[in-house]
file target-v9.cif (mmCIF, C-alpha atoms)
data_my_file
#
loop_
_atom_site.group_PDB
_atom_site.id
_atom_site.type_symbol
_atom_site.label_atom_id
_atom_site.label_comp_id
_atom_site.auth_asym_id
_atom_site.auth_seq_id
_atom_site.Cartn_x
_atom_site.Cartn_y
_atom_site.Cartn_z
ATOM 1 C CA MET F 1 -111.715 27.504 -13.002
ATOM 2 C CA LEU F 2 -110.285 30.008 -15.513
ATOM 3 C CA PRO F 3 -110.011 27.531 -18.445
ATOM 4 C CA SER F 4 -113.687 26.601 -18.007
ATOM 5 C CA TYR F 5 -114.763 30.220 -18.349
ATOM 6 C CA LEU F 6 -112.490 30.751 -21.336
ATOM 7 C CA THR F 7 -113.867 27.637 -23.035
ATOM 8 C CA MET F 8 -117.410 28.793 -22.348
ATOM 9 C CA ALA F 9 -116.613 32.148 -23.943
ATOM 10 C CA ALA F 10 -115.041 30.400 -26.928
ATOM 11 C CA ILE F 11 -118.195 28.297 -27.428
ATOM 12 C CA LEU F 12 -120.396 31.400 -27.300
ATOM 13 C CA PHE F 13 -118.092 33.251 -29.686
ATOM 14 C CA CYS F 14 -118.128 30.431 -32.232
ATOM 15 C CA ILE F 15 -121.924 30.074 -32.076
ATOM 16 C CA GLY F 16 -122.199 33.814 -32.638
ATOM 17 C CA LEU F 17 -119.750 33.643 -35.527
ATOM 18 C CA TYR F 18 -121.694 30.833 -37.178
ATOM 19 C CA GLY F 19 -124.949 32.729 -36.772
ATOM 20 C CA ALA F 20 -123.481 35.945 -38.151
ATOM 21 C CA LEU F 21 -122.145 34.120 -41.200
ATOM 22 C CA THR F 22 -125.197 32.027 -42.076
ATOM 23 C CA LYS F 23 -128.373 33.846 -41.053
ATOM 24 C CA ARG F 24 -130.247 35.818 -43.673
ATOM 25 C CA ASN F 25 -132.313 38.062 -41.424
ATOM 26 C CA ALA F 26 -130.268 41.172 -40.652
ATOM 27 C CA VAL F 27 -131.688 41.480 -37.120
ATOM 28 C CA ILE F 28 -130.486 37.962 -36.346
ATOM 29 C CA VAL F 29 -127.044 38.824 -37.706
ATOM 30 C CA LEU F 30 -126.958 41.807 -35.347
ATOM 31 C CA ILE F 31 -127.994 39.521 -32.458
ATOM 32 C CA SER F 32 -125.189 37.102 -33.310
ATOM 33 C CA VAL F 33 -122.686 39.946 -33.193
ATOM 34 C CA GLU F 34 -124.050 40.795 -29.734
ATOM 35 C CA LEU F 35 -123.436 37.192 -28.697
ATOM 36 C CA MET F 36 -119.795 37.500 -29.752
ATOM 37 C CA LEU F 37 -119.408 40.744 -27.788
ATOM 38 C CA ASN F 38 -120.866 39.005 -24.740
ATOM 39 C CA ALA F 39 -118.299 36.244 -25.034
ATOM 40 C CA VAL F 40 -115.568 38.870 -24.916
ATOM 41 C CA ASN F 41 -117.156 40.374 -21.798
ATOM 42 C CA LEU F 42 -117.096 36.981 -20.108
ATOM 43 C CA ASN F 43 -113.371 36.695 -20.843
ATOM 44 C CA LEU F 44 -112.664 40.145 -19.421
ATOM 45 C CA VAL F 45 -114.558 39.501 -16.196
ATOM 46 C CA ALA F 46 -113.043 36.025 -15.799
ATOM 47 C CA PHE F 47 -109.530 37.462 -16.097
ATOM 48 C CA SER F 48 -110.400 40.199 -13.621
ATOM 49 C CA LYS F 49 -110.954 37.502 -11.001
ATOM 50 C CA TYR F 50 -108.628 34.652 -11.981
ATOM 51 C CA GLY F 51 -105.894 36.504 -13.883
ATOM 52 C CA VAL F 52 -102.331 36.802 -12.687
ATOM 53 C CA VAL F 53 -103.029 40.198 -11.153
ATOM 54 C CA PRO F 54 -106.682 40.245 -10.111
ATOM 55 C CA SER F 55 -108.115 43.730 -10.273
ATOM 56 C CA LEU F 56 -111.239 45.619 -11.185
ATOM 57 C CA THR F 57 -109.821 46.776 -14.513
ATOM 58 C CA GLY F 58 -111.382 43.881 -16.385
ATOM 59 C CA GLN F 59 -114.824 44.690 -15.030
ATOM 60 C CA ILE F 60 -114.434 48.338 -15.997
ATOM 61 C CA PHE F 61 -113.340 47.306 -19.487
ATOM 62 C CA SER F 62 -116.427 45.116 -19.773
ATOM 63 C CA LEU F 63 -118.603 48.051 -18.710
ATOM 64 C CA PHE F 64 -117.123 50.126 -21.519
ATOM 65 C CA THR F 65 -117.698 47.265 -23.953
ATOM 66 C CA ILE F 66 -121.322 46.992 -22.863
ATOM 67 C CA SER F 67 -121.961 50.693 -23.412
ATOM 68 C CA VAL F 68 -120.285 50.688 -26.828
ATOM 69 C CA ALA F 69 -122.320 47.604 -27.759
ATOM 70 C CA ALA F 70 -125.518 49.355 -26.694
ATOM 71 C CA ALA F 71 -124.667 52.301 -28.943
ATOM 72 C CA GLU F 72 -123.891 49.859 -31.757
ATOM 73 C CA VAL F 73 -127.256 48.116 -31.398
ATOM 74 C CA ALA F 74 -129.149 51.419 -31.436
ATOM 75 C CA VAL F 75 -127.415 52.651 -34.578
ATOM 76 C CA GLY F 76 -127.625 49.203 -36.183
ATOM 77 C CA ILE F 77 -131.378 48.890 -35.672
ATOM 78 C CA ALA F 78 -131.860 52.441 -36.965
ATOM 79 C CA ILE F 79 -129.873 51.642 -40.106
ATOM 80 C CA LEU F 80 -131.865 48.433 -40.579
ATOM 81 C CA ILE F 81 -135.176 50.276 -40.299
ATOM 82 C CA ALA F 82 -134.008 52.905 -42.793
ATOM 83 C CA LEU F 83 -132.785 50.163 -45.146
ATOM 84 C CA PHE F 84 -136.055 48.269 -44.821
ATOM 85 C CA ARG F 85 -137.946 51.428 -45.704
ATOM 86 C CA ALA F 86 -135.765 52.017 -48.747
ATOM 87 C CA ARG F 87 -135.530 48.457 -50.067
ATOM 88 C CA GLY F 88 -138.498 46.605 -48.586
ATOM 89 C CA THR F 89 -136.425 43.630 -47.493
ATOM 90 C CA ILE F 90 -134.553 42.563 -44.379
ATOM 91 C CA ASN F 91 -132.448 39.780 -45.899
ATOM 92 C CA VAL F 92 -128.758 40.575 -45.928
ATOM 93 C CA ASP F 93 -128.109 38.760 -49.206
ATOM 94 C CA GLU F 94 -130.473 41.113 -51.014
ATOM 95 C CA TYR F 95 -128.435 44.160 -50.059
ATOM 96 C CA ASP F 96 -126.151 43.782 -53.049
ATOM 97 C CA GLU F 97 -126.297 47.241 -54.616
ATOM 98 C CA MET F 98 -122.530 47.611 -54.750
ATOM 99 C CA ARG F 99 -121.936 44.219 -56.334
ATOM 100 C CA ARG F 100 -124.086 44.731 -59.384
ATOM 101 C CA MET N 1 -109.683 16.684 -16.025
ATOM 102 C CA PHE N 2 -112.316 14.770 -14.076
ATOM 103 C CA ASN N 3 -110.525 14.782 -10.731
ATOM 104 C CA VAL N 4 -111.847 18.159 -9.637
ATOM 105 C CA GLU N 5 -113.910 18.211 -6.480
ATOM 106 C CA LEU N 6 -117.517 19.218 -6.825
ATOM 107 C CA THR N 7 -117.778 22.708 -5.422
ATOM 108 C CA GLY N 8 -120.816 24.941 -5.440
ATOM 109 C CA GLU N 9 -119.219 27.255 -7.956
ATOM 110 C CA LEU N 10 -118.571 24.383 -10.350
ATOM 111 C CA VAL N 11 -122.149 23.117 -10.156
ATOM 112 C CA ALA N 12 -123.560 26.622 -10.671
ATOM 113 C CA PHE N 13 -121.133 27.162 -13.538
ATOM 114 C CA PHE N 14 -122.260 24.042 -15.337
ATOM 115 C CA VAL N 15 -125.951 24.771 -14.822
ATOM 116 C CA LEU N 16 -125.486 28.280 -16.211
ATOM 117 C CA ALA N 17 -123.320 26.979 -19.042
ATOM 118 C CA ALA N 18 -126.036 24.480 -19.996
ATOM 119 C CA ILE N 19 -128.652 27.251 -20.014
ATOM 120 C CA MET N 20 -126.454 29.508 -22.127
ATOM 121 C CA ILE N 21 -125.376 26.928 -24.683
ATOM 122 C CA SER N 22 -128.894 25.578 -25.122
ATOM 123 C CA GLY N 23 -130.185 29.125 -25.508
ATOM 124 C CA ALA N 24 -127.557 29.948 -28.102
ATOM 125 C CA VAL N 25 -128.148 26.733 -30.056
ATOM 126 C CA LEU N 26 -131.909 27.299 -29.908
ATOM 127 C CA MET N 27 -131.313 30.766 -31.288
ATOM 128 C CA LEU N 28 -129.627 29.182 -34.278
ATOM 129 C CA THR N 29 -132.255 26.494 -34.857
ATOM 130 C CA LEU N 30 -135.596 28.158 -34.119
ATOM 131 C CA THR N 31 -137.511 29.406 -37.124
ATOM 132 C CA LYS N 32 -139.577 32.286 -35.770
ATOM 133 C CA VAL N 33 -137.535 35.413 -35.272
ATOM 134 C CA VAL N 34 -139.282 36.460 -32.047
ATOM 135 C CA HIS N 35 -138.514 33.075 -30.476
ATOM 136 C CA MET N 36 -134.862 33.605 -31.399
ATOM 137 C CA VAL N 37 -134.801 36.844 -29.425
ATOM 138 C CA ALA N 38 -136.474 35.146 -26.444
ATOM 139 C CA SER N 39 -133.845 32.397 -26.383
ATOM 140 C CA LEU N 40 -131.176 35.072 -26.668
ATOM 141 C CA ALA N 41 -132.553 36.680 -23.495
ATOM 142 C CA ALA N 42 -131.915 33.351 -21.742
ATOM 143 C CA VAL N 43 -128.286 33.517 -22.853
ATOM 144 C CA PHE N 44 -127.950 37.055 -21.495
ATOM 145 C CA LEU N 45 -129.492 36.079 -18.142
ATOM 146 C CA GLY N 46 -127.184 33.082 -17.856
ATOM 147 C CA LEU N 47 -124.238 35.323 -18.554
ATOM 148 C CA ALA N 48 -125.393 37.653 -15.770
ATOM 149 C CA GLY N 49 -125.423 34.640 -13.445
ATOM 150 C CA MET N 50 -121.856 33.870 -14.447
ATOM 151 C CA PHE N 51 -120.844 37.434 -13.641
ATOM 152 C CA VAL N 52 -122.318 36.959 -10.163
ATOM 153 C CA LEU N 53 -120.233 33.785 -9.849
ATOM 154 C CA LEU N 54 -117.168 35.826 -10.796
ATOM 155 C CA GLU N 55 -117.900 38.349 -8.004
ATOM 156 C CA ALA N 56 -118.783 41.076 -10.488
ATOM 157 C CA GLU N 57 -122.192 42.000 -9.135
ATOM 158 C CA PHE N 58 -122.339 45.442 -10.693
ATOM 159 C CA VAL N 59 -121.491 44.117 -14.143
ATOM 160 C CA ALA N 60 -124.132 41.428 -13.662
ATOM 161 C CA PHE N 61 -126.828 44.004 -12.957
ATOM 162 C CA VAL N 62 -125.691 46.125 -15.880
ATOM 163 C CA GLN N 63 -125.892 42.992 -18.025
ATOM 164 C CA VAL N 64 -129.474 42.332 -16.943
ATOM 165 C CA LEU N 65 -130.499 45.960 -17.450
ATOM 166 C CA ILE N 66 -128.770 46.627 -20.762
ATOM 167 C CA TYR N 67 -128.734 43.279 -22.510
ATOM 168 C CA ALA N 68 -131.637 41.256 -21.135
ATOM 169 C CA GLY N 69 -133.736 44.415 -20.924
ATOM 170 C CA ALA N 70 -132.834 47.090 -23.413
ATOM 171 C CA VAL N 71 -131.104 45.198 -26.208
ATOM 172 C CA SER N 72 -133.692 42.393 -26.323
ATOM 173 C CA ILE N 73 -136.575 44.880 -26.408
ATOM 174 C CA LEU N 74 -134.799 46.919 -29.076
ATOM 175 C CA MET N 75 -134.314 43.796 -31.171
ATOM 176 C CA ILE N 76 -138.005 42.927 -30.822
ATOM 177 C CA PHE N 77 -138.837 46.478 -31.902
ATOM 178 C CA GLY N 78 -136.556 46.064 -34.879
ATOM 179 C CA ILE N 79 -138.333 42.862 -35.853
ATOM 180 C CA MET N 80 -141.769 44.394 -35.384
ATOM 181 C CA MET N 81 -140.895 47.397 -37.515
ATOM 182 C CA THR N 82 -139.523 45.303 -40.345
ATOM 183 C CA LYS N 83 -141.223 41.966 -40.947
ATOM 184 C CA HIS N 84 -142.814 40.687 -37.800
ATOM 185 C CA GLU N 85 -144.518 37.717 -39.406
ATOM 186 C CA ALA N 86 -141.123 36.709 -40.714
ATOM 187 C CA VAL N 87 -140.254 33.048 -40.587
ATOM 188 C CA GLN N 88 -136.736 32.205 -41.603
ATOM 189 C CA GLU N 89 -137.213 30.233 -44.778
ATOM 190 C CA GLU N 90 -135.246 27.204 -45.813
ATOM 191 C CA PRO N 91 -131.575 27.922 -46.354
ATOM 192 C CA VAL N 92 -130.802 28.260 -50.022
ATOM 193 C CA ARG N 93 -127.047 28.233 -49.576
ATOM 194 C CA PRO N 94 -125.963 24.863 -48.154
ATOM 195 C CA VAL N 95 -122.366 25.332 -49.292
ATOM 196 C CA GLN N 96 -121.994 28.555 -47.358
ATOM 197 C CA GLU N 97 -123.586 26.988 -44.262
ATOM 198 C CA ILE N 98 -121.180 24.059 -44.326
ATOM 199 C CA VAL N 99 -118.145 26.251 -44.904
ATOM 200 C CA SER N 100 -119.217 28.580 -42.074
ATOM 201 C CA ALA N 101 -119.759 25.632 -39.733
ATOM 202 C CA ILE N 102 -116.330 24.239 -40.562
ATOM 203 C CA GLY N 103 -114.745 27.648 -40.045
ATOM 204 C CA ALA N 104 -116.455 28.191 -36.681
ATOM 205 C CA LEU N 105 -115.531 24.679 -35.528
ATOM 206 C CA CYS N 106 -111.908 25.174 -36.593
ATOM 207 C CA LEU N 107 -111.758 28.473 -34.700
ATOM 208 C CA PHE N 108 -113.189 26.775 -31.622
ATOM 209 C CA GLY N 109 -110.701 23.930 -31.963
ATOM 210 C CA ILE N 110 -107.778 26.333 -32.149
ATOM 211 C CA MET N 111 -108.995 28.330 -29.156
ATOM 212 C CA PHE N 112 -109.724 25.185 -27.127
ATOM 213 C CA TYR N 113 -106.266 23.820 -27.926
ATOM 214 C CA ALA N 114 -104.648 27.109 -26.913
ATOM 215 C CA ILE N 115 -106.617 27.246 -23.661
ATOM 216 C CA ARG N 116 -105.679 23.648 -22.825
ATOM 217 C CA LEU N 117 -102.042 24.286 -23.694
ATOM 218 C CA THR N 118 -101.597 27.435 -21.655
ATOM 219 C CA ALA N 119 -100.543 27.130 -18.046
ATOM 220 C CA PHE N 120 -102.403 29.837 -16.198
ATOM 221 C CA PRO N 121 -100.395 30.939 -13.168
ATOM 222 C CA ALA N 122 -102.314 31.241 -9.950
ATOM 223 C CA PRO N 123 -103.338 34.767 -8.979
ATOM 224 C CA SER N 124 -100.330 36.412 -7.381
ATOM 225 C CA ALA N 125 -101.884 39.164 -5.356
ATOM 226 C CA PRO N 126 -104.881 38.573 -3.125
ATOM 227 C CA VAL N 127 -108.146 39.516 -4.750
ATOM 228 C CA THR N 128 -108.647 43.227 -4.322
ATOM 229 C CA THR N 129 -112.188 43.514 -5.597
ATOM 230 C CA GLY N 130 -113.249 44.676 -2.165
ATOM 231 C CA GLU N 131 -116.388 44.151 -0.161
ATOM 232 C CA ASP N 132 -118.465 46.718 -2.005
ATOM 233 C CA ASN N 133 -117.935 45.957 -5.664
ATOM 234 C CA THR N 134 -120.082 48.844 -6.901
ATOM 235 C CA MET N 135 -118.318 51.444 -4.762
ATOM 236 C CA GLU N 136 -114.882 50.274 -5.858
ATOM 237 C CA ILE N 137 -115.905 50.467 -9.519
ATOM 238 C CA GLY N 138 -117.352 53.920 -8.977
ATOM 239 C CA LYS N 139 -114.158 55.141 -7.350
ATOM 240 C CA LEU N 140 -112.047 53.805 -10.213
ATOM 241 C CA LEU N 141 -114.394 55.195 -12.856
ATOM 242 C CA PHE N 142 -114.230 58.701 -11.450
ATOM 243 C CA THR N 143 -110.500 58.800 -10.742
ATOM 244 C CA GLN N 144 -108.368 56.652 -13.010
ATOM 245 C CA TYR N 145 -110.816 56.161 -15.872
ATOM 246 C CA VAL N 146 -112.601 59.508 -15.853
ATOM 247 C CA ILE N 147 -111.565 60.511 -19.390
ATOM 248 C CA PRO N 148 -112.762 57.250 -21.041
ATOM 249 C CA PHE N 149 -115.917 57.530 -18.962
ATOM 250 C CA GLU N 150 -116.677 61.001 -20.304
ATOM 251 C CA LEU N 151 -115.801 59.901 -23.832
ATOM 252 C CA VAL N 152 -118.275 57.027 -23.547
ATOM 253 C CA SER N 153 -120.990 59.445 -22.492
ATOM 254 C CA VAL N 154 -120.257 61.587 -25.560
ATOM 255 C CA LEU N 155 -120.298 58.457 -27.735
ATOM 256 C CA LEU N 156 -123.675 57.384 -26.342
ATOM 257 C CA THR N 157 -125.181 60.819 -26.931
ATOM 258 C CA VAL N 158 -123.896 60.953 -30.506
ATOM 259 C CA ALA N 159 -125.049 57.379 -31.192
ATOM 260 C CA PHE N 160 -128.560 57.941 -29.903
ATOM 261 C CA ILE N 161 -129.016 61.222 -31.745
ATOM 262 C CA GLY N 162 -127.683 59.505 -34.857
ATOM 263 C CA ALA N 163 -130.094 56.604 -34.376
ATOM 264 C CA ILE N 164 -133.047 58.986 -34.119
ATOM 265 C CA VAL N 165 -131.962 60.894 -37.222
ATOM 266 C CA LEU N 166 -131.442 57.678 -39.187
ATOM 267 C CA ALA N 167 -134.726 56.045 -38.244
ATOM 268 C CA LYS N 168 -136.835 59.178 -38.626
ATOM 269 C CA LYS N 169 -139.138 59.226 -41.599
ATOM 270 C CA GLU N 170 -137.794 61.526 -44.223
ATOM 271 C CA ALA N 171 -139.791 64.729 -44.647
ATOM 272 C CA GLU N 172 -141.651 64.832 -47.905
#
call {"tool": "encode", "arguments": {"input": "target-v9.cif", "output": "structure tokens"}}
result
Amino acid sequence: MLPSYLTMAAILFCIGLYGALTKRNAVIVLISVELMLNAVNLNLVAFSKYGVVPSLTGQIFSLFTISVAAAEVAVGIAILIALFRARGTINVDEYDEMRR
Amino acid sequence: MFNVELTGELVAFFVLAAIMISGAVLMLTLTKVVHMVASLAAVFLGLAGMFVLLEAEFVAFVQVLIYAGAVSILMIFGIMMTKHEAVQEEPVRPVQEIVSAIGALCLFGIMFYAIRLTAFPAPSAPVTTGEDNTMEIGKLLFTQYVIPFELVSVLLTVAFIGAIVLAKKEAE
């Protein structure tokens, strides 16, 4: 059963990676990053049941990941709102101040 | 690969996997941003179902509360406060899309190959997750992992204060 869960997590991670690389809307990019973090959580919980030494450590790690991801989303959305106020756009390819 | 017997866990796994993959692909293909967030909520709920399958009930409930609840709502707020009528316009960068797709597919191929290649040994010790999953996690959190736990609480406080300060309108 473990390889199925790992493959599922890999699929989710790759979909999130593709979304983070191609989408223009910054909120959608943030969502794609969340998808990748969720894939990691699935791996951690799967190993906590089917790993060589099953224990609760994987679940506790995933809890820490979830709380850090929640903090990341809050700060990310706040930065996006501040950026939108300053620049009037939400497209990531228009945030190119440092390239010009 | 196809000689596995059809157990309840396998059937539930594939149903949840179908929900999650279709939700994730819909998130990539839908055009309205709010619909994207709704399909993402489906992915989060499917993931919570998988956690239940993996006997991690507490993590599953945390997943529903934090991700399907808080994060989705926060994302919708973010969309509403920026450009809520936003429709993702036609991609203007086909080269980048193709290169990204190839990169993501290559990464998946490598990971799939590695997963297929690895021989996962059977669990050595009997599963010690206990009858009461939540109580066991609580015991561990307040004994072995108490310092990371406190650090996470500090991190959350700092992050939320920082978010408020960042998103506040600047005083004229």
call {"tool": "resolve_selection", "arguments": {"input": "target-v9.cif", "expression": "the PyMOL selection byres ((chain F and resi 80-97) around 6)", "output": "ChimeraX atom specification"}}
result
/F:24-26,77-79,98-100 /N:167
call {"tool": "atom_distance", "arguments": {"input": "target-v9.cif", "atom1": "atom CA of N:Val59", "atom2": "atom CA of F:Ile66"}}
result
9.2 Å
call {"tool": "resolve_selection", "arguments": {"input": "target-v9.cif", "expression": "the PyMOL selection byres ((chain F and resi 36) around 12)", "output": "number ranges by chain"}}
result
F: 8-20, 29-35, 37-43, 65-66, 69; N: 24, 43-44
call {"tool": "atom_distance", "arguments": {"input": "target-v9.cif", "atom1": "atom CA of F:Ala70", "atom2": "atom CA of N:Phe58"}}
result
16.8 Å
call {"tool": "residues_around", "arguments": {"input": "target-v9.cif", "residues": "stretch 133-135 of chain N", "least_positions_apart": "4", "cutoff": "8 Å", "atoms": "all atoms listed in the file", "output": "ChimeraX atom specification"}}
result
/N:55-58,129,139
call {"tool": "closest_residue", "arguments": {"input": "target-v9.cif", "among": "N:Gly138, N:Gly46, N:Gly78, N:Gly109", "to": "chain F", "atoms": "all atoms listed in the file"}}
result
N:Gly78
call {"tool": "resolve_selection", "arguments": {"input": "target-v9.cif", "expression": "the PyMOL selection byres ((chain N and resi 103) around 12)", "output": "list in words"}}
result
Cys14, Ile15, Leu17, Tyr18, Gly19, Leu21 and Thr22 of chain F; Gln96, Glu97, Ile98, Val99, Ser100, Ala101, Ile102, Ala104, Leu105, Cys106, Leu107, Phe108, Gly109 and Ile110 of chain N
call {"tool": "decode", "arguments": {"input": "target-v9.cif", "residues": "stretch 71-93 of chain F", "atoms": "N, CA, C and O atoms", "output": "tab-separated table (two decimals), in the first residue's frame"}}
result
chain	number	residue	atom	x	y	z
F	71	ALA	N	0.73	29.60	8.78
F	71	ALA	CA	1.40	30.89	8.98
F	71	ALA	C	1.86	31.46	7.65
F	71	ALA	O	1.70	32.65	7.37
F	72	GLU	N	2.37	30.57	6.78
F	72	GLU	CA	2.85	31.01	5.47
F	72	GLU	C	1.72	31.60	4.64
F	72	GLU	O	1.89	32.63	3.99
F	73	VAL	N	0.55	30.94	4.66
F	73	VAL	CA	-0.58	31.45	3.88
F	73	VAL	C	-1.00	32.81	4.39
F	73	VAL	O	-1.24	33.74	3.59
F	74	ALA	N	-1.06	32.98	5.73
F	74	ALA	CA	-1.50	34.26	6.28
F	74	ALA	C	-0.56	35.38	5.84
F	74	ALA	O	-1.00	36.42	5.34
F	75	VAL	N	0.74	35.14	6.01
F	75	VAL	CA	1.71	36.19	5.63
F	75	VAL	C	1.69	36.40	4.12
F	75	VAL	O	1.76	37.54	3.63
F	76	GLY	N	1.56	35.31	3.36
F	76	GLY	CA	1.54	35.43	1.90
F	76	GLY	C	0.38	36.27	1.40
F	76	GLY	O	0.55	37.15	0.56
F	77	ILE	N	-0.82	35.99	1.93
F	77	ILE	CA	-1.99	36.77	1.50
F	77	ILE	C	-1.83	38.22	1.90
F	77	ILE	O	-2.17	39.14	1.13
F	78	ALA	N	-1.26	38.46	3.10
F	78	ALA	CA	-1.07	39.85	3.53
F	78	ALA	C	-0.11	40.57	2.59
F	78	ALA	O	-0.36	41.72	2.18
F	79	ILE	N	0.97	39.89	2.22
F	79	ILE	CA	1.93	40.52	1.29
F	79	ILE	C	1.26	40.79	-0.06
F	79	ILE	O	1.45	41.84	-0.66
F	80	LEU	N	0.43	39.82	-0.51
F	80	LEU	CA	-0.24	40.02	-1.80
F	80	LEU	C	-1.16	41.21	-1.76
F	80	LEU	O	-1.22	42.00	-2.72
F	81	ILE	N	-1.91	41.36	-0.64
F	81	ILE	CA	-2.84	42.49	-0.55
F	81	ILE	C	-2.06	43.81	-0.55
F	81	ILE	O	-2.42	44.77	-1.24
F	82	ALA	N	-0.94	43.83	0.21
F	82	ALA	CA	-0.13	45.05	0.23
F	82	ALA	C	0.45	45.35	-1.16
F	82	ALA	O	0.44	46.50	-1.62
F	83	LEU	N	0.90	44.30	-1.84
F	83	LEU	CA	1.44	44.48	-3.20
F	83	LEU	C	0.37	44.97	-4.16
F	83	LEU	O	0.62	45.85	-4.99
F	84	PHE	N	-0.84	44.40	-4.02
F	84	PHE	CA	-1.92	44.81	-4.92
F	84	PHE	C	-2.25	46.28	-4.70
F	84	PHE	O	-2.53	47.02	-5.65
F	85	ARG	N	-2.20	46.70	-3.42
F	85	ARG	CA	-2.49	48.10	-3.13
F	85	ARG	C	-1.41	49.00	-3.74
F	85	ARG	O	-1.69	50.09	-4.24
F	86	ALA	N	-0.16	48.52	-3.70
F	86	ALA	CA	0.92	49.38	-4.18
F	86	ALA	C	1.01	49.39	-5.70
F	86	ALA	O	1.32	50.42	-6.30
F	87	ARG	N	0.73	48.24	-6.35
F	87	ARG	CA	0.99	48.15	-7.78
F	87	ARG	C	-0.26	48.05	-8.62
F	87	ARG	O	-0.21	48.25	-9.83
F	88	GLY	N	-1.41	47.69	-7.99
F	88	GLY	CA	-2.64	47.59	-8.75
F	88	GLY	C	-2.73	46.39	-9.66
F	88	GLY	O	-3.55	46.35	-10.56
F	89	THR	N	-1.90	45.39	-9.44
F	89	THR	CA	-1.98	44.17	-10.25
F	89	THR	C	-1.71	42.97	-9.35
F	89	THR	O	-1.12	43.09	-8.29
F	90	ILE	N	-2.20	41.82	-9.82
F	90	ILE	CA	-2.03	40.58	-9.05
F	90	ILE	C	-1.24	39.57	-9.86
F	90	ILE	O	-0.98	38.46	-9.41
F	91	ASN	N	-0.82	39.94	-11.08
F	91	ASN	CA	-0.09	39.00	-11.92
F	91	ASN	C	1.38	38.96	-11.54
F	91	ASN	O	2.02	40.01	-11.44
F	92	VAL	N	1.90	37.75	-11.36
F	92	VAL	CA	3.26	37.64	-10.86
F	92	VAL	C	4.28	38.15	-11.88
F	92	VAL	O	5.35	38.62	-11.50
F	93	ASP	N	3.95	38.07	-13.18
F	93	ASP	CA	4.96	38.49	-14.16
F	93	ASP	C	5.01	40.01	-14.31
F	93	ASP	O	5.83	40.51	-15.06
